[in-house]
Amino acid sequence: MRNVGVIGCGAMGKGMVRNLLKAGYFVYVCDEHSLYRQELELAGAVFMQNAALFAEKVDHLLFSLPSPTILQEALFGDSGVLKQIRSGSAIFDMGTTDVKTTRRIHALCAAKGIRYLDCPVSGGPAGADAGTLTIMVGGNEVDFLTEKPFLHVVGENVIYVGSSGAGQTVKLCNNMIVAGITSLLSETMIAAEQEGVAPQVLFDIIQQSSGHNRVVDVFGSNLLEKSFDQVLFYLGHMAKDLELYMDMSREQHTPQPTASVVNQLYRAALQQKKGKLDSTAVYSVISNKGE
């Protein structure tokens, strides 16, 4: 039995922990605010107050954290794990982090003999629970091939996309596309309603036509019901990812005329205190309701 550490046990991390336990791993968890501690402890996970307490004991360490700042604190802070984790271990960033930070962390880990892979995921909490996540992996290809069987414990589609930072690049692009489609779906369903066409009818036709997309499959019910308390992906997290995408494009000097509008819509939603709602709550900004 190998020892695995998980830092960050929210809606996504919870499913990863469960699947690791099912696969026979001994799992240490660090997240003092986790809502899932009791159920995971009953399943066999061991929660510890400080990740530094178990860093030396694990050979695989997964981070599922909401921001690059929190990730760097967990790695390099006073109780940071990079001081304790053994050479030859592997670290996986399952969250969404900017490319520049990812490459810096990769270089620092490589200097210590630690395999570091950026592994952002798609599939939401349901995919994490079922172990069917899509994992976009960036890093050294040899490290990827070594760790691919392990990643299949928490994900179904494990795809190598290139060197360090490539996984994060693809994830940021994907989330910008999802946010853009969500915004356009919101606008078009409002237009259709004003012409007497029910949104459900519109969505049914879209899914049978050239406009077919998975955003309708995943997020469509929230839009149709105009109810955003059922969180599939926090609007605050989406807004953060869009800012990271815009930062990346600015560093590349790549024009983003469409993406910049989408980014502004999500910024407006944050200003209207919608960060804890589902990302589809951008609908209320577009519809000028704002409640």
# chains A, B, ... in the order shown; residues from 1 in each chain; ligands from 1

$ residues_around --residues "segment 1-12 of chain A" --least-positions-apart "2" --cutoff "8 Å" --atoms "only C-alpha atoms" --output "ChimeraX atom specification"
/A:14-17,24-31,34-36,51,54-55,57-65,124-125,128-129

$ write_last_selection --atoms "N, CA, C and O atoms" --output "short mmCIF file (atom, residue, chain, number, x, y, z; two decimals), in the first residue's frame"
data_model
loop_
_atom_site.label_atom_id
_atom_site.label_comp_id
_atom_site.auth_asym_id
_atom_site.auth_seq_id
_atom_site.Cartn_x
_atom_site.Cartn_y
_atom_site.Cartn_z
N LYS A 14 -12.72 15.84 -2.62
CA LYS A 14 -13.46 14.78 -1.92
C LYS A 14 -13.61 13.53 -2.78
O LYS A 14 -13.38 12.41 -2.32
N GLY A 15 -13.97 13.73 -4.05
CA GLY A 15 -14.12 12.58 -4.94
C GLY A 15 -12.79 11.89 -5.21
O GLY A 15 -12.72 10.65 -5.29
N MET A 16 -11.72 12.68 -5.35
CA MET A 16 -10.41 12.09 -5.57
C MET A 16 -9.98 11.23 -4.39
O MET A 16 -9.45 10.13 -4.56
N VAL A 17 -10.21 11.73 -3.17
CA VAL A 17 -9.86 10.98 -1.97
C VAL A 17 -10.62 9.66 -1.94
O VAL A 17 -10.04 8.59 -1.67
N GLY A 24 -7.10 1.33 -2.80
CA GLY A 24 -6.22 0.71 -1.84
C GLY A 24 -5.08 1.57 -1.33
O GLY A 24 -4.19 1.07 -0.64
N TYR A 25 -5.12 2.86 -1.63
CA TYR A 25 -4.08 3.76 -1.13
C TYR A 25 -4.40 4.19 0.30
O TYR A 25 -5.56 4.29 0.69
N PHE A 26 -3.36 4.44 1.07
CA PHE A 26 -3.51 5.06 2.38
C PHE A 26 -3.43 6.56 2.15
O PHE A 26 -2.41 7.07 1.65
N VAL A 27 -4.49 7.29 2.52
CA VAL A 27 -4.62 8.69 2.11
C VAL A 27 -4.59 9.62 3.32
O VAL A 27 -5.43 9.54 4.22
N TYR A 28 -3.60 10.52 3.32
CA TYR A 28 -3.56 11.63 4.27
C TYR A 28 -4.22 12.84 3.61
O TYR A 28 -4.05 13.08 2.41
N VAL A 29 -4.95 13.61 4.39
CA VAL A 29 -5.64 14.78 3.86
C VAL A 29 -5.33 15.99 4.75
O VAL A 29 -5.32 15.88 5.98
N CYS A 30 -5.11 17.13 4.11
CA CYS A 30 -4.95 18.38 4.84
C CYS A 30 -5.94 19.40 4.28
O CYS A 30 -5.81 19.82 3.13
N ASP A 31 -6.94 19.73 5.09
CA ASP A 31 -7.91 20.78 4.75
C ASP A 31 -8.78 21.00 5.98
O ASP A 31 -9.75 20.29 6.21
N SER A 34 -12.61 21.52 5.34
CA SER A 34 -13.36 20.58 4.51
C SER A 34 -14.71 20.23 5.12
O SER A 34 -14.81 19.93 6.32
N LEU A 35 -15.74 20.26 4.29
CA LEU A 35 -17.08 19.88 4.72
C LEU A 35 -17.27 18.37 4.72
O LEU A 35 -18.30 17.87 5.18
N TYR A 36 -16.27 17.66 4.22
CA TYR A 36 -16.42 16.22 4.00
C TYR A 36 -15.55 15.38 4.94
O TYR A 36 -15.40 14.18 4.75
N ALA A 51 0.13 19.71 6.52
CA ALA A 51 0.63 18.80 5.49
C ALA A 51 2.09 18.45 5.70
O ALA A 51 2.55 17.38 5.28
N PHE A 54 2.89 14.99 7.13
CA PHE A 54 2.88 13.73 6.37
C PHE A 54 3.67 13.80 5.06
O PHE A 54 3.77 12.81 4.34
N ALA A 55 4.25 14.93 4.76
CA ALA A 55 4.95 15.08 3.47
C ALA A 55 6.07 14.07 3.29
O ALA A 55 6.30 13.56 2.18
N LYS A 57 6.10 11.11 4.38
CA LYS A 57 5.57 9.75 4.34
C LYS A 57 4.95 9.38 3.00
O LYS A 57 4.64 8.21 2.77
N VAL A 58 4.72 10.36 2.13
CA VAL A 58 3.99 10.09 0.89
C VAL A 58 4.93 10.07 -0.30
O VAL A 58 5.97 10.70 -0.30
N ASP A 59 4.52 9.30 -1.33
CA ASP A 59 5.27 9.33 -2.58
C ASP A 59 4.48 9.98 -3.70
O ASP A 59 5.00 10.20 -4.78
N HIS A 60 3.21 10.27 -3.43
CA HIS A 60 2.36 11.01 -4.36
C HIS A 60 1.60 12.07 -3.57
O HIS A 60 1.02 11.77 -2.52
N LEU A 61 1.60 13.29 -4.08
CA LEU A 61 0.95 14.39 -3.38
C LEU A 61 0.11 15.17 -4.37
O LEU A 61 0.61 15.71 -5.36
N LEU A 62 -1.21 15.22 -4.12
CA LEU A 62 -2.14 15.93 -4.99
C LEU A 62 -2.58 17.23 -4.33
O LEU A 62 -2.93 17.25 -3.15
N PHE A 63 -2.58 18.29 -5.14
CA PHE A 63 -3.11 19.58 -4.70
C PHE A 63 -4.42 19.85 -5.45
O PHE A 63 -4.45 19.79 -6.68
N SER A 64 -5.47 20.15 -4.70
CA SER A 64 -6.74 20.55 -5.31
C SER A 64 -7.18 21.84 -4.63
O SER A 64 -8.06 21.85 -3.76
N LEU A 65 -6.54 22.93 -5.04
CA LEU A 65 -6.69 24.21 -4.35
C LEU A 65 -7.28 25.27 -5.28
O LEU A 65 -7.12 25.18 -6.50
N GLY A 124 -16.15 18.31 -13.34
CA GLY A 124 -16.91 18.76 -12.19
C GLY A 124 -16.94 17.75 -11.05
O GLY A 124 -16.35 16.67 -11.14
N PRO A 125 -17.65 18.10 -9.96
CA PRO A 125 -17.74 17.20 -8.80
C PRO A 125 -18.27 15.82 -9.15
O PRO A 125 -17.83 14.82 -8.57
N ALA A 128 -15.45 13.89 -10.52
CA ALA A 128 -14.50 13.55 -9.46
C ALA A 128 -15.02 12.39 -8.64
O ALA A 128 -14.27 11.47 -8.28
N ASP A 129 -16.31 12.40 -8.31
CA ASP A 129 -16.90 11.32 -7.53
C ASP A 129 -16.85 9.99 -8.28
O ASP A 129 -16.56 8.94 -7.69
#

$ select_by_dssp --residues "segment 70-117 of chain A" --states "strand (DSSP E)" --output "MDAnalysis selection string"
chainID A and resid 90:93 115:117

$ write_last_selection --atoms "N, CA and C atoms" --output "PDB file, in the first residue's frame"
ATOM      1  N   ALA A  90       6.274  12.415  -6.382  1.00  0.00           N
ATOM      2  CA  ALA A  90       5.581  13.110  -7.464  1.00  0.00           C
ATOM      3  C   ALA A  90       4.526  14.043  -6.892  1.00  0.00           C
ATOM      4  N   ILE A  91       4.442  15.240  -7.460  1.00  0.00           N
ATOM      5  CA  ILE A  91       3.446  16.232  -7.069  1.00  0.00           C
ATOM      6  C   ILE A  91       2.556  16.529  -8.265  1.00  0.00           C
ATOM      7  N   PHE A  92       1.254  16.591  -8.011  1.00  0.00           N
ATOM      8  CA  PHE A  92       0.271  16.832  -9.068  1.00  0.00           C
ATOM      9  C   PHE A  92      -0.586  18.037  -8.687  1.00  0.00           C
ATOM     10  N   ASP A  93      -0.586  19.061  -9.517  1.00  0.00           N
ATOM     11  CA  ASP A  93      -1.463  20.214  -9.312  1.00  0.00           C
ATOM     12  C   ASP A  93      -2.742  19.961 -10.092  1.00  0.00           C
ATOM     13  N   ARG A 115       9.131  14.869  -9.304  1.00  0.00           N
ATOM     14  CA  ARG A 115       8.334  14.972 -10.529  1.00  0.00           C
ATOM     15  C   ARG A 115       7.136  15.889 -10.268  1.00  0.00           C
ATOM     16  N   TYR A 116       6.982  16.917 -11.093  1.00  0.00           N
ATOM     17  CA  TYR A 116       5.879  17.865 -10.928  1.00  0.00           C
ATOM     18  C   TYR A 116       5.087  17.922 -12.224  1.00  0.00           C
ATOM     19  N   LEU A 117       3.810  17.604 -12.139  1.00  0.00           N
ATOM     20  CA  LEU A 117       2.944  17.622 -13.312  1.00  0.00           C
ATOM     21  C   LEU A 117       1.762  18.552 -13.058  1.00  0.00           C
TER      22      LEU A 117
END

$ select_by_dssp --residues "segment 177-226 of chain A" --states "helix (DSSP H, G or I)" --output "PyMOL selection string"
chain A and resi 177-194+199-206+214-225

$ residues_around --residues "Phe228 of chain A" --least-positions-apart "4" --cutoff "8 Å" --atoms "only C-alpha atoms" --output "VMD selection string"
chain A and resid 222 to 223 277 to 281

$ write_last_selection --atoms "N, CA and C atoms" --output "CSV table (one decimal), in the first residue's frame"
chain,number,residue,atom,x,y,z
A,222,ASN,N,-29.4,24.5,-15.1
A,222,ASN,CA,-29.4,25.7,-14.3
A,222,ASN,C,-29.9,26.9,-15.0
A,223,LEU,N,-29.5,27.0,-16.3
A,223,LEU,CA,-29.9,28.1,-17.1
A,223,LEU,C,-31.4,28.1,-17.4
A,277,LEU,N,-22.3,31.5,-6.3
A,277,LEU,CA,-23.3,30.9,-7.1
A,277,LEU,C,-22.7,30.1,-8.2
A,278,ASP,N,-23.5,29.3,-8.9
A,278,ASP,CA,-22.9,28.6,-10.1
A,278,ASP,C,-22.5,29.6,-11.2
A,279,SER,N,-21.6,29.2,-12.0
A,279,SER,CA,-21.0,30.1,-13.0
A,279,SER,C,-22.1,30.5,-14.0
A,280,THR,N,-23.2,29.8,-14.1
A,280,THR,CA,-24.3,30.2,-15.0
A,280,THR,C,-25.0,31.5,-14.5
A,281,ALA,N,-24.7,31.9,-13.3
A,281,ALA,CA,-25.4,33.1,-12.7
A,281,ALA,C,-25.0,34.3,-13.5

$ atom_distance --atom1 "atom CA of Lys171 of chain A" --atom2 "atom CA of Phe150 of chain A"
20.4 Å

$ closest_residue --among "A:Arg18, A:Arg214, A:Arg267, A:Lys148" --to "Val285 of chain A" --atoms "only C-alpha atoms"
A:Arg267

$ closest_residue --among "A:Cys119, A:Ile190, A:Val158, A:Val231" --to "Val99 of chain A" --atoms "only C-alpha atoms"
A:Cys119

$ residues_around --residues "segment 236-241 of chain A" --least-positions-apart "6" --cutoff "10 Å" --atoms "only C-alpha atoms" --output "PyMOL selection string"
chain A and resi 66-67+96-98+171-176+178-179+247+262-270+273-280

$ atom_distance --atom1 "atom CA of Gly220 of chain A" --atom2 "atom CA of Asp204 of chain A"
10.4 Å

$ atom_distance --atom1 "atom CA of Val216 of chain A" --atom2 "atom CA of Ile159 of chain A"
23.7 Å

$ closest_residue --among "A:Gly180, A:Gly131, A:Tyr283, A:Ile205" --to "Pro257 of chain A" --atoms "only C-alpha atoms"
A:Gly180

$ closest_residue --among "A:Leu151, A:Val161, A:Leu244, A:Ala43" --to "Lys22 of chain A" --atoms "only C-alpha atoms"
A:Ala43

$ closest_residue --among "A:Gly167, A:Gly155, A:Gly196, A:Gly113" --to "Val137 of chain A" --atoms "only C-alpha atoms"
A:Gly167

$ residues_around --residues "Gly80 of chain A" --least-positions-apart "6" --cutoff "7 Å" --atoms "only C-alpha atoms" --output "list in words"
Ala52, Glu73 and Ala74 of chain A

$ write_last_selection --atoms "C-alpha atoms" --output "compact mmCIF listing (two decimals), in the first residue's frame"
# COMPACT_ATOMS: atom_id res chain seq x y z
CA ALA A 52 4.24 19.05 6.62
CA GLU A 73 1.80 28.93 0.24
CA ALA A 74 1.20 25.19 0.61

$ decode --residues "segment 43-83 of chain A" --atoms "N, CA and C atoms" --output "PDB file, in the first residue's frame"
ATOM      1  N   ALA A  43     -14.477   6.580   5.857  1.00  0.00           N
ATOM      2  CA  ALA A  43     -14.047   5.753   4.721  1.00  0.00           C
ATOM      3  C   ALA A  43     -12.584   5.335   4.819  1.00  0.00           C
ATOM      4  N   GLY A  44     -11.839   5.949   5.769  1.00  0.00           N
ATOM      5  CA  GLY A  44     -10.452   5.533   5.973  1.00  0.00           C
ATOM      6  C   GLY A  44      -9.396   6.597   5.800  1.00  0.00           C
ATOM      7  N   ALA A  45      -9.781   7.803   5.379  1.00  0.00           N
ATOM      8  CA  ALA A  45      -8.806   8.877   5.207  1.00  0.00           C
ATOM      9  C   ALA A  45      -8.344   9.390   6.570  1.00  0.00           C
ATOM     10  N   VAL A  46      -7.102   9.855   6.622  1.00  0.00           N
ATOM     11  CA  VAL A  46      -6.539  10.406   7.850  1.00  0.00           C
ATOM     12  C   VAL A  46      -6.303  11.894   7.647  1.00  0.00           C
ATOM     13  N   PHE A  47      -7.063  12.712   8.365  1.00  0.00           N
ATOM     14  CA  PHE A  47      -6.909  14.158   8.272  1.00  0.00           C
ATOM     15  C   PHE A  47      -5.834  14.609   9.255  1.00  0.00           C
ATOM     16  N   MET A  48      -4.965  15.495   8.780  1.00  0.00           N
ATOM     17  CA  MET A  48      -3.912  16.041   9.628  1.00  0.00           C
ATOM     18  C   MET A  48      -3.928  17.552   9.521  1.00  0.00           C
ATOM     19  N   GLN A  49      -3.609  18.197  10.613  1.00  0.00           N
ATOM     20  CA  GLN A  49      -3.696  19.661  10.685  1.00  0.00           C
ATOM     21  C   GLN A  49      -2.711  20.339   9.758  1.00  0.00           C
ATOM     22  N   ASN A  50      -1.565  19.704   9.548  1.00  0.00           N
ATOM     23  CA  ASN A  50      -0.486  20.322   8.792  1.00  0.00           C
ATOM     24  C   ASN A  50       0.076  19.316   7.790  1.00  0.00           C
ATOM     25  N   ALA A  51       0.127  19.712   6.517  1.00  0.00           N
ATOM     26  CA  ALA A  51       0.633  18.800   5.493  1.00  0.00           C
ATOM     27  C   ALA A  51       2.091  18.449   5.704  1.00  0.00           C
ATOM     28  N   ALA A  52       2.827  19.334   6.365  1.00  0.00           N
ATOM     29  CA  ALA A  52       4.240  19.049   6.619  1.00  0.00           C
ATOM     30  C   ALA A  52       4.405  17.806   7.493  1.00  0.00           C
ATOM     31  N   LEU A  53       3.362  17.452   8.249  1.00  0.00           N
ATOM     32  CA  LEU A  53       3.419  16.293   9.131  1.00  0.00           C
ATOM     33  C   LEU A  53       3.419  14.974   8.367  1.00  0.00           C
ATOM     34  N   PHE A  54       2.889  14.990   7.133  1.00  0.00           N
ATOM     35  CA  PHE A  54       2.877  13.734   6.372  1.00  0.00           C
ATOM     36  C   PHE A  54       3.670  13.798   5.064  1.00  0.00           C
ATOM     37  N   ALA A  55       4.253  14.935   4.758  1.00  0.00           N
ATOM     38  CA  ALA A  55       4.949  15.085   3.472  1.00  0.00           C
ATOM     39  C   ALA A  55       6.070  14.068   3.288  1.00  0.00           C
ATOM     40  N   GLU A  56       6.771  13.745   4.368  1.00  0.00           N
ATOM     41  CA  GLU A  56       7.867  12.781   4.268  1.00  0.00           C
ATOM     42  C   GLU A  56       7.366  11.352   4.081  1.00  0.00           C
ATOM     43  N   LYS A  57       6.101  11.110   4.382  1.00  0.00           N
ATOM     44  CA  LYS A  57       5.569   9.750   4.343  1.00  0.00           C
ATOM     45  C   LYS A  57       4.947   9.375   3.002  1.00  0.00           C
ATOM     46  N   VAL A  58       4.717  10.365   2.133  1.00  0.00           N
ATOM     47  CA  VAL A  58       3.985  10.091   0.894  1.00  0.00           C
ATOM     48  C   VAL A  58       4.926  10.067  -0.301  1.00  0.00           C
ATOM     49  N   ASP A  59       4.519   9.301  -1.326  1.00  0.00           N
ATOM     50  CA  ASP A  59       5.272   9.333  -2.578  1.00  0.00           C
ATOM     51  C   ASP A  59       4.476   9.977  -3.697  1.00  0.00           C
ATOM     52  N   HIS A  60       3.206  10.271  -3.428  1.00  0.00           N
ATOM     53  CA  HIS A  60       2.356  11.009  -4.360  1.00  0.00           C
ATOM     54  C   HIS A  60       1.604  12.071  -3.568  1.00  0.00           C
ATOM     55  N   LEU A  61       1.601  13.287  -4.078  1.00  0.00           N
ATOM     56  CA  LEU A  61       0.952  14.390  -3.382  1.00  0.00           C
ATOM     57  C   LEU A  61       0.107  15.174  -4.374  1.00  0.00           C
ATOM     58  N   LEU A  62      -1.208  15.223  -4.117  1.00  0.00           N
ATOM     59  CA  LEU A  62      -2.141  15.928  -4.987  1.00  0.00           C
ATOM     60  C   LEU A  62      -2.583  17.226  -4.333  1.00  0.00           C
ATOM     61  N   PHE A  63      -2.581  18.286  -5.137  1.00  0.00           N
ATOM     62  CA  PHE A  63      -3.115  19.576  -4.698  1.00  0.00           C
ATOM     63  C   PHE A  63      -4.417  19.851  -5.447  1.00  0.00           C
ATOM     64  N   SER A  64      -5.471  20.153  -4.700  1.00  0.00           N
ATOM     65  CA  SER A  64      -6.741  20.550  -5.307  1.00  0.00           C
ATOM     66  C   SER A  64      -7.180  21.836  -4.630  1.00  0.00           C
ATOM     67  N   LEU A  65      -6.544  22.926  -5.035  1.00  0.00           N
ATOM     68  CA  LEU A  65      -6.692  24.213  -4.346  1.00  0.00           C
ATOM     69  C   LEU A  65      -7.281  25.271  -5.279  1.00  0.00           C
ATOM     70  N   PRO A  66      -7.938  26.289  -4.709  1.00  0.00           N
ATOM     71  CA  PRO A  66      -8.687  27.241  -5.538  1.00  0.00           C
ATOM     72  C   PRO A  66      -7.897  28.361  -6.181  1.00  0.00           C
ATOM     73  N   SER A  67      -6.612  28.550  -5.805  1.00  0.00           N
ATOM     74  CA  SER A  67      -5.889  29.674  -6.394  1.00  0.00           C
ATOM     75  C   SER A  67      -4.384  29.411  -6.395  1.00  0.00           C
ATOM     76  N   PRO A  68      -3.657  30.057  -7.313  1.00  0.00           N
ATOM     77  CA  PRO A  68      -2.195  29.925  -7.336  1.00  0.00           C
ATOM     78  C   PRO A  68      -1.542  30.415  -6.045  1.00  0.00           C
ATOM     79  N   THR A  69      -2.112  31.438  -5.424  1.00  0.00           N
ATOM     80  CA  THR A  69      -1.542  31.965  -4.178  1.00  0.00           C
ATOM     81  C   THR A  69      -1.565  30.918  -3.079  1.00  0.00           C
ATOM     82  N   ILE A  70      -2.693  30.234  -2.924  1.00  0.00           N
ATOM     83  CA  ILE A  70      -2.823  29.205  -1.895  1.00  0.00           C
ATOM     84  C   ILE A  70      -1.917  28.024  -2.220  1.00  0.00           C
ATOM     85  N   LEU A  71      -1.807  27.677  -3.487  1.00  0.00           N
ATOM     86  CA  LEU A  71      -0.904  26.595  -3.902  1.00  0.00           C
ATOM     87  C   LEU A  71       0.532  26.902  -3.509  1.00  0.00           C
ATOM     88  N   GLN A  72       0.980  28.120  -3.799  1.00  0.00           N
ATOM     89  CA  GLN A  72       2.369  28.473  -3.492  1.00  0.00           C
ATOM     90  C   GLN A  72       2.623  28.509  -1.995  1.00  0.00           C
ATOM     91  N   GLU A  73       1.647  28.939  -1.216  1.00  0.00           N
ATOM     92  CA  GLU A  73       1.803  28.926   0.237  1.00  0.00           C
ATOM     93  C   GLU A  73       1.938  27.491   0.747  1.00  0.00           C
ATOM     94  N   ALA A  74       1.140  26.587   0.192  1.00  0.00           N
ATOM     95  CA  ALA A  74       1.203  25.186   0.606  1.00  0.00           C
ATOM     96  C   ALA A  74       2.533  24.545   0.226  1.00  0.00           C
ATOM     97  N   LEU A  75       3.135  25.021  -0.849  1.00  0.00           N
ATOM     98  CA  LEU A  75       4.421  24.474  -1.294  1.00  0.00           C
ATOM     99  C   LEU A  75       5.602  25.123  -0.590  1.00  0.00           C
ATOM    100  N   PHE A  76       5.581  26.448  -0.475  1.00  0.00           N
ATOM    101  CA  PHE A  76       6.782  27.192  -0.066  1.00  0.00           C
ATOM    102  C   PHE A  76       6.649  27.921   1.261  1.00  0.00           C
ATOM    103  N   GLY A  77       5.463  27.914   1.874  1.00  0.00           N
ATOM    104  CA  GLY A  77       5.251  28.656   3.110  1.00  0.00           C
ATOM    105  C   GLY A  77       5.989  28.053   4.294  1.00  0.00           C
ATOM    106  N   ASP A  78       5.713  28.594   5.484  1.00  0.00           N
ATOM    107  CA  ASP A  78       6.386  28.131   6.698  1.00  0.00           C
ATOM    108  C   ASP A  78       6.187  26.637   6.929  1.00  0.00           C
ATOM    109  N   SER A  79       5.016  26.146   6.559  1.00  0.00           N
ATOM    110  CA  SER A  79       4.735  24.709   6.685  1.00  0.00           C
ATOM    111  C   SER A  79       4.684  24.054   5.312  1.00  0.00           C
ATOM    112  N   GLY A  80       5.372  24.641   4.350  1.00  0.00           N
ATOM    113  CA  GLY A  80       5.346  24.153   2.977  1.00  0.00           C
ATOM    114  C   GLY A  80       5.916  22.755   2.833  1.00  0.00           C
ATOM    115  N   VAL A  81       5.310  21.975   1.960  1.00  0.00           N
ATOM    116  CA  VAL A  81       5.686  20.560   1.833  1.00  0.00           C
ATOM    117  C   VAL A  81       6.976  20.353   1.044  1.00  0.00           C
ATOM    118  N   LEU A  82       7.398  21.344   0.268  1.00  0.00           N
ATOM    119  CA  LEU A  82       8.580  21.132  -0.564  1.00  0.00           C
ATOM    120  C   LEU A  82       9.846  20.951   0.275  1.00  0.00           C
ATOM    121  N   LYS A  83       9.812  21.419   1.517  1.00  0.00           N
ATOM    122  CA  LYS A  83      10.957  21.243   2.403  1.00  0.00           C
ATOM    123  C   LYS A  83      11.051  19.804   2.920  1.00  0.00           C
TER     124      LYS A  83
END
